[in-house]
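J.: Sending over a structure as structure tokens; questions will come in a sec.
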Amino acid sequence: MGILDRITGRLERLVDEVVVPDEARTAADLAEGLLARGDLEEARRQLERALAVEPEYRRAWYLLGLCQARRRDRGRAAEALERAAAAAGYPEALLALAEVHRDAGDLPAARAALRRALDAAPARPDLLPDIYRGLGEVHLREGAVDKAVRELRKAAAATEDPEVHALLGQALRLAGDPDRARLALERAAAAAAPPPPALRALGELYLPEQPAEAAAVFTRLVAADAHDVVALTGLARAELLAGHLPAALEAALRALAHQPRRAEAHGLVAQVHARARNYAAALDALDRALAAAPEPGAVTLPEAGPLLPFALQVALEAGDLARADAYAARRLRAAPGDASALAARGLAALARGDEAAGVDLCRRALAAGETMAARLGLGQAALRRGDAVTAAAELRAALRLEPNHAEARRLLREAYHAQALPQRAPALYVLLRRLHDHLLTHREVGDLAPDAARLIEVFDRPLLVTVMGEFNSGKSTFVNALLGEEVAPMGITPTTATINVLKYGAERMGRVVYRDDTSRDVPWGEVPALLRGLDPDAARAIRVVEVLYPLEALARVNIVDTPGLNSIIPEHEQVAREFISQADAVVWLFSAGQAGKATEREALDAIAKEHTKVLGVVNKIDRVAPEDAPVILRHLEQAFGASLEALVPFSAREALAGRTGSDPERLARSRYPELAALLE
């Protein structure tokens with residue numbers, strides 16, 4: 001509200017009015033009342049009548065200036081107000097004149113009028129807050145933020161006017177002082193009738209760190225004006241940041257009902273649908289947003305950033321490469337070196353079968369910046385060429401950027417299958433041996449022989465694989481299925497379960513290693529009875545039980561069979577942690593019927609801190625309905641994918657029966673071949 005709207009009760013009779021004829025004074029009084037009621041034409045006639053009687057009547061000139069300003073006749077308004085302000089002691093006229101110049105865009109003239117008002121203010125100190133406020137507004141429009149803050153602070157110190165505190169809050173926000181800006185805006189918002197700009201600025205200030213408070217502020221604005229589209233989009237942004245997707249969608253759709261071509265609102269609708277993985281609806285909304293946006297870069301979405309890069313990201317997530325290609329082409333017109341857009345065009349080219357163009361675009365993308373899509377495209381191309389090693393390297397790099405990307409994980413499993421590492425490993429071992437012998441017989445390179453010997457030692461040393469999971473996930477059956485013989489004792493009571501290490505031995509036997517570092521050997525026939533017959537105290541006294549067995553596989557791999565995570569006794573926790581830290585890999589067994597517990601999340605997070613590779617195995621997959629298996633796998637991939645190298649469905653029971661009974665059908669049904677390839 002400006003000086004033009006605050007005339008009632010603010011005019012003082014000038015000393016010279018004592019000599020103004022009654023007819024002129026009466027006409028001016030009548031005009032003042034007409035102005036207050038909004039009857040501008042009759043007010044103008046009365047004022048012209050007063051000035052015809054007394055041409056130097058400054059109050060009449062002042063009121064005529066206000067009347068002409070309200071009639072949007074700024075030229076005549078300025079002339080009338082200058083006549084009123086010609087003599088000293090009339091700062092009201094100068095305030096009104098400044099507002100007329102400001103509204104006309106003549107900021108230097110407005111500032112000059114306010115400085116003149118300030119010089120005249122000793123006669124009217126009650127007008128100082130209005131003068132300081134006017135100077136603050138002019139400085140804000142000129143971009144002189146620090147000067148605006150200085151003048152508005154003076155005004156705020158002298159008045160409770162919420163508009164003054166709103167302006168101060170906006171100036172402080174522009175000056176980079178959000179804490180003081182919030183205090184000023186909250187003071188303005190606490191008024192009985194807060195100015196809408198104050199509420200809008202406060203809502204923006206609360207975003208994105210206080211979305212609930214922002215939503216409350218925007219809700220107040222919408223309650224005052226249900227057609228306030230700015231408030232509705234602000235409310236949608238706040239609800240989206242707070243995670244309230246239905247409320248965000250409702251607010252964005254209400255905004256579109258009033259402004260169907262508001263690009264920001266379409267973008268917010270798209271963001272809600274994308275968050276809910278409803279990609280078809282999200283992409284349709286993005287098409288509408290991009291069609292409505294004069295410049296896509298001018299529309300920024302909460303947490304998502306500029307509109308066009310977000311649209312490109314959603315299209316890639318949805319696997320809609322045709323749309324991604326179109327969005328990327330549009331993006332590259334504005335940003336020719338954009339890595340994400342180049343990668344998207346590369347993926348689209350590969351999908352069309354144009355491998356040369358696809359690979360070139362993906363490499364150009366990587367030269368511009370590391371992107372998941374470019375790595376994925378190069379991995380796809382390498383797989384098509386039969387280069388599984390390069391494909392695996394590219395796909396691992398992709399998963400470091402987006403660990404939960406399902407397609408990258410699927411392709412990585414395919415690359416691992418294709419590498420056929422077991423056939424290459426013996427050749428590598430022979431090569432290392434020959435290299436070592438060569439180094440020993442040639443003095444000039446003999447100092448390298450110890451390094452080669454250490455490599456051979458590493459190759460000779462058995463790998464250590466730790467099998468973990470919750471109790472009753474089938475770990476011992478899994479270990480036996482892996483070995484092809486019933487080596488690991490099964491059916492152990494959870495409260496007496498020990499950590500068992502299966503390793504190669506020339507003869508079958510057991511060895512109990514106690515916590516005091518003593519040990520004793522146990523004949524093979526007594527091992528199952530020993531483990532099943534332990535009481536809790538005896539189990540706590542044991543550090544590990546070594547199960548020795550003359551099986552070729554155990555010469556290459558030592559397997560640690562741990563108790564169930566939910567039943568491990570405190571005395572074994574430290575030992576389990578040691579095996580995790582030393583392990584070359586951990587196999588985590590999920591039970592298909594009850595996979596994805598919070599305790600499993602905690603355990604996998606702890607394993608991740610040791611930087612140990614983890615293979616996820618969904619055991620007992622044969623016990624769930626065929627249509628439920630993909631749902632379970634998808635849930636685990638989404639929830640635990642970042643912690644796992646790969647995830648494979650499996651039936652340990654079927655695999656053990658298939659291997660011990662030489663039954664190829666049961667073995668294939670168990671998914672054992674897939675598991676074996678992943679383990680290799």
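Labeling convention for the structure tokens: chains A, B, ... as they appear, residues from 1 per chain, ligands from 1 in order of appearance.
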Quick one: residues within 12 Å of stretch 243-252 of chain A, only C-alpha atoms counted, chain neighbours fewer than 6 positions away excluded, as a ChimeraX atom specification?

T.: /A:208,211-212,215,218-219,222,226-237,258-277,282,285,302-303

J.: According to DSSP computed on the backbone, where in stretch 317-482 of chain A is there alpha helix (DSSP H)? Give the residues as an MDAnalysis selection string.

T.: chainID A and resid 317:318 321:334 339:351 355:368 372:385 388:401 406:419 421:441 449:460 475:482

J.: Please identify all polymer residues within 9 Å of stretch 193-207 of chain A, counting only C-alpha atoms, omitting same-chain residues fewer than 6 positions from it, and present them as an MDAnalysis selection string.

T.: chainID A and resid 162:163 165:167 169:170 173 178 181:182 185:186 213:218 220:221 230:231 234:235 237:238 241 302

J.: With distances taken over only C-alpha atoms, which residue among A:Leu502, A:Ala373, A:Ala397, A:Val445 lies nearest A:Arg556?

T.: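 Closest residue, counting only C-alpha atoms: A:Leu502.
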
J.: For A:Ser662, which of A:Gly484, A:Arg520, A:Leu66, A:Arg508 is the closest residue, counting only C-alpha atoms?

T.: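 Checking each candidate against A:Ser662, we get A:Gly484 as the closest.
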
J.: Using only C-alpha atoms, which protein or nucleic acid residues come within 9 Å of stretch 127-144 of chain A? Drop anything in the same chain fewer than 6 positions from it, and give the result as number ranges by chain.

T.: A: 2-3, 91-92, 95, 98-99, 102, 107-108, 110-111, 114-115, 117-118, 121, 150-159, 164, 167-168, 171

J.: Can you work out the spacing between atom CA of A:Glu160 and atom CA of A:Ala113 in Å, to one decimal?

T.: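 Taking atom CA of A:Glu160 as the start and atom CA of A:Ala113 as the end point, the length is 24.4 Å.
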